[in-house]
file structure23.cif (mmCIF, C-alpha atoms and all ligand atoms)
data_run
#
loop_
_atom_site.label_atom_id
_atom_site.label_comp_id
_atom_site.auth_asym_id
_atom_site.auth_seq_id
_atom_site.Cartn_x
_atom_site.Cartn_y
_atom_site.Cartn_z
CA MET A 1 -90.12 33.01 -73.20
CA GLU A 2 -87.66 35.89 -73.52
CA ILE A 3 -85.06 35.49 -76.27
CA LEU A 4 -84.50 38.93 -77.79
CA ASN A 5 -82.46 39.99 -74.76
CA ALA A 6 -79.88 37.21 -75.23
CA ILE A 7 -79.73 37.98 -78.95
CA THR A 8 -79.19 41.65 -78.18
CA VAL A 9 -76.57 41.06 -75.48
CA ARG A 10 -74.46 38.80 -77.71
CA ARG A 11 -71.68 40.81 -79.30
CA ALA A 12 -68.50 39.92 -81.14
CA ARG A 13 -66.26 41.17 -78.32
CA ARG A 14 -62.52 40.62 -78.26
CA ALA A 15 -61.26 41.42 -74.74
CA ILE A 16 -61.06 37.84 -73.53
CA ALA A 17 -59.56 36.49 -70.30
CA PRO A 18 -57.27 33.43 -70.31
CA LYS A 19 -59.34 31.92 -67.48
CA VAL A 20 -60.08 28.22 -68.01
CA LEU A 21 -63.74 27.21 -68.53
CA PRO A 22 -65.41 24.54 -66.37
CA ASP A 23 -66.22 21.28 -68.17
CA GLU A 24 -69.94 21.61 -67.46
CA VAL A 25 -70.05 25.05 -69.08
CA VAL A 26 -68.29 23.75 -72.19
CA ASN A 27 -70.65 20.77 -72.35
CA ARG A 28 -73.70 23.04 -72.21
CA LEU A 29 -72.40 24.98 -75.21
CA PHE A 30 -72.42 21.83 -77.31
CA GLU A 31 -75.72 20.58 -75.88
CA ALA A 32 -77.22 23.85 -77.13
CA ALA A 33 -75.45 23.59 -80.48
CA VAL A 34 -76.71 20.14 -81.39
CA LEU A 35 -80.33 21.05 -80.59
CA ALA A 36 -80.37 23.16 -83.75
CA PRO A 37 -82.69 22.05 -86.54
CA SER A 38 -81.18 20.62 -89.71
CA CYS A 39 -82.53 19.64 -93.10
CA ALA A 40 -83.65 15.96 -92.97
CA ASN A 41 -82.18 15.98 -89.44
CA ALA A 42 -78.82 15.35 -91.11
CA GLN A 43 -76.93 17.20 -88.30
CA PRO A 44 -74.04 17.95 -90.65
CA TRP A 45 -72.01 19.97 -88.12
CA ARG A 46 -68.79 18.59 -86.68
CA PHE A 47 -67.26 20.62 -83.85
CA PHE A 48 -63.80 20.33 -82.38
CA ALA A 49 -63.39 21.83 -78.90
CA VAL A 50 -59.73 22.81 -78.63
CA ARG A 51 -58.90 23.22 -74.93
CA SER A 52 -55.70 21.38 -74.08
CA PRO A 53 -52.59 23.60 -73.76
CA GLU A 54 -50.84 21.52 -76.45
CA LYS A 55 -53.61 21.79 -79.06
CA LEU A 56 -54.27 25.46 -78.26
CA ALA A 57 -50.59 26.17 -78.81
CA ALA A 58 -50.73 24.28 -82.12
CA VAL A 59 -53.79 26.16 -83.45
CA ARG A 60 -53.02 29.71 -82.27
CA PRO A 61 -50.42 30.43 -84.99
CA ALA A 62 -53.19 29.88 -87.57
CA LEU A 63 -54.97 33.06 -86.44
CA THR A 64 -54.33 36.18 -88.52
CA GLU A 65 -52.47 39.13 -87.04
CA GLY A 66 -55.81 40.97 -86.71
CA ASN A 67 -57.15 38.15 -84.59
CA LYS A 68 -54.22 38.02 -82.18
CA TRP A 69 -56.67 38.90 -79.39
CA GLY A 70 -58.02 35.34 -79.80
CA THR A 71 -54.74 33.69 -78.85
CA VAL A 72 -55.39 33.94 -75.10
CA ALA A 73 -58.79 32.23 -75.25
CA PRO A 74 -59.13 28.99 -73.23
CA LEU A 75 -61.47 27.48 -75.85
CA LEU A 76 -61.34 27.56 -79.63
CA VAL A 77 -64.32 25.87 -81.24
CA VAL A 78 -63.43 24.68 -84.72
CA VAL A 79 -66.68 24.55 -86.66
CA THR A 80 -66.68 22.19 -89.62
CA THR A 81 -68.95 20.33 -91.97
CA LYS A 82 -68.47 18.35 -95.18
CA PRO A 83 -70.30 17.91 -98.47
CA SER A 84 -71.01 14.21 -97.84
CA LEU A 85 -73.01 15.17 -94.72
CA ASP A 86 -75.17 17.60 -96.67
CA ALA A 87 -78.88 17.23 -97.39
CA ARG A 88 -78.81 18.59 -100.95
CA LEU A 89 -82.01 19.62 -102.69
CA GLU A 90 -82.67 20.99 -106.17
CA GLU A 91 -81.87 24.54 -107.25
CA GLY A 92 -78.64 24.83 -105.31
CA ARG A 93 -80.20 24.24 -101.94
CA ASP A 94 -77.20 22.83 -100.10
CA TYR A 95 -78.01 22.93 -96.42
CA ALA A 96 -74.85 21.88 -94.60
CA LEU A 97 -73.50 25.40 -94.10
CA PHE A 98 -76.94 26.73 -93.20
CA ASP A 99 -77.53 24.02 -90.59
CA THR A 100 -74.02 24.36 -89.21
CA GLY A 101 -74.50 28.11 -88.90
CA MET A 102 -77.70 27.62 -86.92
CA ALA A 103 -75.96 25.20 -84.55
CA THR A 104 -73.11 27.67 -84.14
CA MET A 105 -75.54 30.46 -83.27
CA ASN A 106 -77.12 28.21 -80.62
CA LEU A 107 -73.66 27.69 -79.17
CA MET A 108 -72.96 31.42 -79.18
CA LEU A 109 -76.26 32.27 -77.50
CA GLN A 110 -75.68 29.67 -74.80
CA ALA A 111 -72.19 31.13 -74.30
CA THR A 112 -73.78 34.56 -73.90
CA ALA A 113 -76.15 33.17 -71.27
CA GLU A 114 -73.10 31.71 -69.45
CA GLY A 115 -71.52 35.18 -69.30
CA LEU A 116 -68.95 34.34 -71.98
CA TYR A 117 -67.85 36.00 -75.17
CA ALA A 118 -68.14 33.73 -78.20
CA HIS A 119 -66.73 35.44 -81.26
CA PRO A 120 -66.72 33.70 -84.67
CA ILE A 121 -63.79 34.45 -86.98
CA ALA A 122 -62.94 33.81 -90.60
CA GLY A 123 -59.47 35.30 -90.19
CA PHE A 124 -57.43 32.14 -89.85
CA ASN A 125 -55.38 29.89 -92.11
CA PRO A 126 -57.47 26.74 -92.66
CA LYS A 127 -54.50 24.70 -93.86
CA LYS A 128 -52.65 25.42 -90.62
CA VAL A 129 -55.71 24.53 -88.51
CA ARG A 130 -56.16 21.28 -90.43
CA GLU A 131 -52.53 20.37 -89.99
CA ALA A 132 -52.43 21.32 -86.29
CA LEU A 133 -55.44 19.12 -85.46
CA GLY A 134 -55.02 16.40 -88.08
CA LEU A 135 -58.48 17.04 -89.55
CA GLU A 136 -59.70 15.03 -92.55
CA PRO A 137 -59.10 16.73 -95.90
CA ASP A 138 -62.81 16.82 -96.83
CA LEU A 139 -63.90 18.73 -93.70
CA VAL A 140 -64.66 22.36 -94.53
CA ILE A 141 -63.41 24.54 -91.68
CA VAL A 142 -66.17 27.14 -91.63
CA THR A 143 -65.19 29.27 -88.67
CA LEU A 144 -63.37 29.25 -85.37
CA VAL A 145 -65.41 30.51 -82.44
CA ILE A 146 -63.16 32.17 -79.88
CA VAL A 147 -64.68 31.60 -76.45
CA GLY A 148 -63.80 32.96 -73.03
CA TYR A 149 -64.79 35.14 -70.11
CA PRO A 150 -64.51 38.92 -70.47
CA GLY A 151 -60.98 40.11 -69.77
CA GLY A 152 -58.42 42.83 -70.48
CA GLU A 153 -57.72 44.76 -73.68
CA GLU A 154 -53.94 44.17 -73.79
CA LEU A 155 -53.97 42.41 -77.18
CA LEU A 156 -56.44 44.77 -78.88
CA ASN A 157 -55.40 47.45 -81.36
CA ASP A 158 -56.95 50.93 -81.22
CA PHE A 159 -59.79 50.07 -83.62
CA GLN A 160 -60.60 46.95 -81.62
CA LYS A 161 -60.53 48.84 -78.33
CA ALA A 162 -63.01 51.37 -79.70
CA SER A 163 -65.13 48.54 -81.07
CA GLU A 164 -65.53 47.03 -77.57
CA LYS A 165 -67.70 50.01 -76.65
CA SER A 166 -69.32 50.68 -80.00
CA ASP A 167 -72.99 50.42 -80.78
CA ARG A 168 -74.22 47.93 -83.31
CA THR A 169 -74.40 48.83 -86.97
CA ARG A 170 -77.20 47.15 -88.91
CA LYS A 171 -78.91 47.83 -92.22
CA PRO A 172 -82.46 49.10 -91.79
CA LEU A 173 -85.12 46.37 -91.87
CA GLY A 174 -86.59 47.95 -95.01
CA GLU A 175 -83.37 47.12 -96.89
CA VAL A 176 -83.15 43.47 -95.89
CA VAL A 177 -86.77 42.42 -95.41
CA GLY A 178 -89.45 42.47 -98.09
CA PHE A 179 -92.63 43.19 -96.18
CA MET A 180 -95.31 41.81 -98.51
C1 LIG B 1 -68.37 34.22 -90.39
C2 LIG B 1 -67.85 35.38 -89.57
C3 LIG B 1 -66.51 35.72 -89.65
C4 LIG B 1 -66.01 36.74 -88.84
N1 LIG B 1 -64.64 36.97 -88.87
C5 LIG B 1 -64.11 37.83 -87.97
C6 LIG B 1 -62.70 37.95 -87.86
O1 LIG B 1 -61.91 37.28 -88.54
N2 LIG B 1 -62.23 38.82 -86.93
C7 LIG B 1 -63.05 39.58 -86.13
O2 LIG B 1 -62.55 40.32 -85.29
N3 LIG B 1 -64.39 39.47 -86.22
C8 LIG B 1 -64.95 38.62 -87.11
N4 LIG B 1 -66.32 38.46 -87.18
C9 LIG B 1 -67.21 39.26 -86.30
C10 LIG B 1 -68.00 40.31 -87.08
O3 LIG B 1 -67.16 41.34 -87.48
C11 LIG B 1 -69.16 40.81 -86.20
O4 LIG B 1 -70.03 39.74 -85.92
C12 LIG B 1 -69.94 41.91 -86.89
O5 LIG B 1 -69.15 43.07 -86.99
C13 LIG B 1 -71.23 42.29 -86.14
O6 LIG B 1 -70.97 42.65 -84.80
P1 LIG B 1 -71.75 41.92 -83.58
O7 LIG B 1 -71.50 40.42 -83.74
O8 LIG B 1 -71.12 42.47 -82.33
O9 LIG B 1 -73.19 42.26 -83.71
C14 LIG B 1 -66.87 37.48 -87.98
C15 LIG B 1 -68.22 37.13 -87.92
C16 LIG B 1 -68.72 36.09 -88.68
C17 LIG B 1 -70.17 35.70 -88.55
#

call {"tool": "encode", "arguments": {"input": "structure23.cif", "output": "C-alpha cells"}}
result
Amino acid sequence: MEILNAITVRRARRAIAPKVLPDEVVNRLFEAAVLAPSCANAQPWRFFAVRSPEKLAAVRPALTEGNKWGTVAPLLVVVTTKPSLDARLEEGRDYALFDTGMATMNLMLQATAEGLYAHPIAGFNPKKVREALGLEPDLVIVTLVIVGYPGGEELLNDFQKASEKSDRTRKPLGEVVGFM
C-alpha cells in the first residue's frame, strides 16, 4: 500500500478553478473523512458542505482579504465540532479537535487523490460563517477547507503566486521527533 506519495503530493495550493464538482466526488471526500478513527468512536466531527450558489455567496464575505483566492471555490467545507461531542479523559486529554483534524486530513488526502486542491484556512470570521449558515452557537468552527480543481492565479497576490511553485519548508525530524 503506497501512501507517502499522496501525502507528499498534497499541498496547500491556492490557484483554484470555479469548476463545479460532481456529486460523487464530493461524496467520496466525506466517505473518506468519516473513516477516521476517534476516541471511543465518538466521531465528534460535524461537516457542512457549502456548494449552493446562495450559501457560497453568503459565506464568501467571511474570508479574510488574504484568503480572497478561496472565494471562487465551488466547495467550502466548514469543519466543526463541539465540546459535548468530546471524549474527554484526564490530564487535559480532550480529543474532539484531534479526531476532527484526523477526519479532515482524510478528506484532504482523498481530495488530492481526486486531483483537487483542498486547502484548510483559519483566516475567516467565525461569527460571519455561523450567521451565514445558521450554525448552532456551541459548534466550534475549526477550519474551512477550500476545495476545487487547479485553476488560474488571477486572485493570488505576489507572495501567493510564488508560493504555488515553492518547495516545502519543514523542521528537521531531529527537532520534532525524540528518537529514543
Ligand atoms: C489550521 C490551518 C490553518 C491555515 N490557515 C491558512 C489561511 O488562513 N490561509 C492560507 O493561505 N493558508 C492557510 N493554511 C495553510 C498553511 O499555511 C500550509 O498548510 C502550510 O504552509 C504548509 O504548506 P503545505 O500544506 O503546502 O505543506 C492553514 C493550514 C492549517 C492546517

call {"tool": "residues_near_ligand", "arguments": {"input": "structure23.cif", "ligand": "ligand LIG 1 (chain B)", "cutoff": "8 Å", "atoms": "only C-alpha atoms and all ligand atoms", "output": "compact mmCIF listing (two decimals) with C-alpha atoms, keeping the file's coordinate frame"}}
result
# COMPACT_ATOMS: atom_id res chain seq x y z
CA ARG A 10 -74.46 38.80 -77.71
CA ARG A 11 -71.68 40.81 -79.30
CA ALA A 12 -68.50 39.92 -81.14
CA ARG A 13 -66.26 41.17 -78.32
CA ARG A 14 -62.52 40.62 -78.26
CA THR A 64 -54.33 36.18 -88.52
CA GLY A 66 -55.81 40.97 -86.71
CA ASN A 67 -57.15 38.15 -84.59
CA HIS A 119 -66.73 35.44 -81.26
CA PRO A 120 -66.72 33.70 -84.67
CA ILE A 121 -63.79 34.45 -86.98
CA ALA A 122 -62.94 33.81 -90.60
CA GLY A 123 -59.47 35.30 -90.19
CA PHE A 124 -57.43 32.14 -89.85
CA VAL A 142 -66.17 27.14 -91.63
CA THR A 143 -65.19 29.27 -88.67
CA GLN A 160 -60.60 46.95 -81.62
CA ARG A 168 -74.22 47.93 -83.31
CA THR A 169 -74.40 48.83 -86.97

call {"tool": "residues_near_point", "arguments": {"input": "structure23.cif", "point": "(-83.2, 24.5, -94.4)", "cutoff": "8 Å", "atoms": "all atoms listed in the file", "output": "list of chain:residue names"}}
result
A:Ser38, A:Cys39, A:Tyr95, A:Phe98, A:Asp99

call {"tool": "closest_residue", "arguments": {"input": "structure23.cif", "among": "A:Thr81, A:Pro22, A:Ala162, A:Leu155", "to": "Ala103 of chain A", "atoms": "all atoms listed in the file"}}
result
A:Thr81

call {"tool": "closest_residue", "arguments": {"input": "structure23.cif", "among": "A:Ser52, A:Val9, A:Glu154, A:Glu24", "to": "Asp167 of chain A", "atoms": "all atoms listed in the file"}}
result
A:Val9

call {"tool": "atom_distance", "arguments": {"input": "structure23.cif", "atom1": "atom CA of Phe48 of chain A", "atom2": "atom CA of Val77 of chain A"}}
result
5.7 Å

call {"tool": "build_atoms", "arguments": {"input": "structure23.cif", "residues": "segment 74-85 of chain A", "atoms": "all heavy atoms", "output": "mmCIF file, in the frame of the given file"}}
result
data_model
loop_
_atom_site.group_PDB
_atom_site.id
_atom_site.type_symbol
_atom_site.label_atom_id
_atom_site.label_comp_id
_atom_site.auth_asym_id
_atom_site.auth_seq_id
_atom_site.Cartn_x
_atom_site.Cartn_y
_atom_site.Cartn_z
ATOM 1 N N PRO A 74 -59.294 30.365 -73.758
ATOM 2 C CA PRO A 74 -59.130 28.990 -73.230
ATOM 3 C C PRO A 74 -59.874 27.952 -74.070
ATOM 4 O O PRO A 74 -59.695 26.759 -73.861
ATOM 5 C CB PRO A 74 -59.764 29.090 -71.846
ATOM 6 C CG PRO A 74 -60.804 30.153 -71.988
ATOM 7 C CD PRO A 74 -60.265 31.149 -72.967
ATOM 8 N N LEU A 75 -60.718 28.425 -75.005
ATOM 9 C CA LEU A 75 -61.470 27.480 -75.850
ATOM 10 C C LEU A 75 -61.584 28.043 -77.260
ATOM 11 O O LEU A 75 -62.048 29.170 -77.465
ATOM 12 C CB LEU A 75 -62.887 27.278 -75.274
ATOM 13 C CG LEU A 75 -63.883 26.500 -76.158
ATOM 14 C CD1 LEU A 75 -63.412 25.064 -76.405
ATOM 15 C CD2 LEU A 75 -65.283 26.492 -75.530
ATOM 16 N N LEU A 76 -61.130 27.233 -78.221
ATOM 17 C CA LEU A 76 -61.340 27.560 -79.630
ATOM 18 C C LEU A 76 -62.245 26.462 -80.190
ATOM 19 O O LEU A 76 -61.883 25.284 -80.163
ATOM 20 C CB LEU A 76 -60.026 27.573 -80.412
ATOM 21 C CG LEU A 76 -58.919 28.522 -79.913
ATOM 22 C CD1 LEU A 76 -57.663 28.393 -80.778
ATOM 23 C CD2 LEU A 76 -59.412 29.966 -79.946
ATOM 24 N N VAL A 77 -63.420 26.872 -80.656
ATOM 25 C CA VAL A 77 -64.320 25.870 -81.240
ATOM 26 C C VAL A 77 -64.120 25.898 -82.755
ATOM 27 O O VAL A 77 -64.376 26.915 -83.413
ATOM 28 C CB VAL A 77 -65.797 26.172 -80.907
ATOM 29 C CG1 VAL A 77 -66.696 25.133 -81.561
ATOM 30 C CG2 VAL A 77 -66.010 26.180 -79.390
ATOM 31 N N VAL A 78 -63.628 24.789 -83.281
ATOM 32 C CA VAL A 78 -63.430 24.680 -84.720
ATOM 33 C C VAL A 78 -64.718 24.108 -85.302
ATOM 34 O O VAL A 78 -65.114 22.982 -84.980
ATOM 35 C CB VAL A 78 -62.212 23.772 -85.031
ATOM 36 C CG1 VAL A 78 -61.984 23.669 -86.535
ATOM 37 C CG2 VAL A 78 -60.969 24.307 -84.326
ATOM 38 N N VAL A 79 -65.363 24.913 -86.120
ATOM 39 C CA VAL A 79 -66.680 24.550 -86.660
ATOM 40 C C VAL A 79 -66.485 24.021 -88.081
ATOM 41 O O VAL A 79 -65.965 24.735 -88.937
ATOM 42 C CB VAL A 79 -67.610 25.780 -86.697
ATOM 43 C CG1 VAL A 79 -68.958 25.413 -87.293
ATOM 44 C CG2 VAL A 79 -67.773 26.376 -85.300
ATOM 45 N N THR A 80 -66.897 22.781 -88.295
ATOM 46 C CA THR A 80 -66.680 22.190 -89.620
ATOM 47 C C THR A 80 -67.940 21.460 -90.099
ATOM 48 O O THR A 80 -68.852 21.173 -89.321
ATOM 49 C CB THR A 80 -65.525 21.143 -89.600
ATOM 50 O OG1 THR A 80 -66.002 19.915 -89.029
ATOM 51 C CG2 THR A 80 -64.325 21.627 -88.808
ATOM 52 N N THR A 81 -67.933 21.190 -91.394
ATOM 53 C CA THR A 81 -68.950 20.330 -91.970
ATOM 54 C C THR A 81 -68.313 19.713 -93.223
ATOM 55 O O THR A 81 -67.143 20.005 -93.518
ATOM 56 C CB THR A 81 -70.233 21.114 -92.326
ATOM 57 O OG1 THR A 81 -71.225 20.195 -92.805
ATOM 58 C CG2 THR A 81 -69.991 22.185 -93.379
ATOM 59 N N LYS A 82 -69.037 18.844 -93.931
ATOM 60 C CA LYS A 82 -68.470 18.350 -95.180
ATOM 61 C C LYS A 82 -69.573 18.005 -96.159
ATOM 62 O O LYS A 82 -70.693 17.658 -95.737
ATOM 63 C CB LYS A 82 -67.518 17.177 -94.978
ATOM 64 C CG LYS A 82 -68.064 15.988 -94.262
ATOM 65 C CD LYS A 82 -66.960 14.929 -94.157
ATOM 66 C CE LYS A 82 -67.302 13.851 -93.175
ATOM 67 N NZ LYS A 82 -66.255 12.849 -93.050
ATOM 68 N N PRO A 83 -69.265 18.107 -97.456
ATOM 69 C CA PRO A 83 -70.300 17.910 -98.470
ATOM 70 C C PRO A 83 -71.028 16.575 -98.333
ATOM 71 O O PRO A 83 -72.233 16.499 -98.538
ATOM 72 C CB PRO A 83 -69.518 17.966 -99.792
ATOM 73 C CG PRO A 83 -68.286 18.751 -99.470
ATOM 74 C CD PRO A 83 -67.967 18.464 -98.033
ATOM 75 N N SER A 84 -70.344 15.520 -97.920
ATOM 76 C CA SER A 84 -71.010 14.210 -97.840
ATOM 77 C C SER A 84 -72.041 14.156 -96.718
ATOM 78 O O SER A 84 -72.855 13.229 -96.661
ATOM 79 C CB SER A 84 -69.972 13.101 -97.659
ATOM 80 O OG SER A 84 -69.270 13.317 -96.462
ATOM 81 N N LEU A 85 -72.019 15.137 -95.813
ATOM 82 C CA LEU A 85 -73.010 15.170 -94.720
ATOM 83 C C LEU A 85 -74.213 16.025 -95.093
ATOM 84 O O LEU A 85 -75.155 16.165 -94.313
ATOM 85 C CB LEU A 85 -72.366 15.746 -93.454
ATOM 86 C CG LEU A 85 -71.198 14.967 -92.858
ATOM 87 C CD1 LEU A 85 -70.525 15.782 -91.748
ATOM 88 C CD2 LEU A 85 -71.677 13.623 -92.313
#
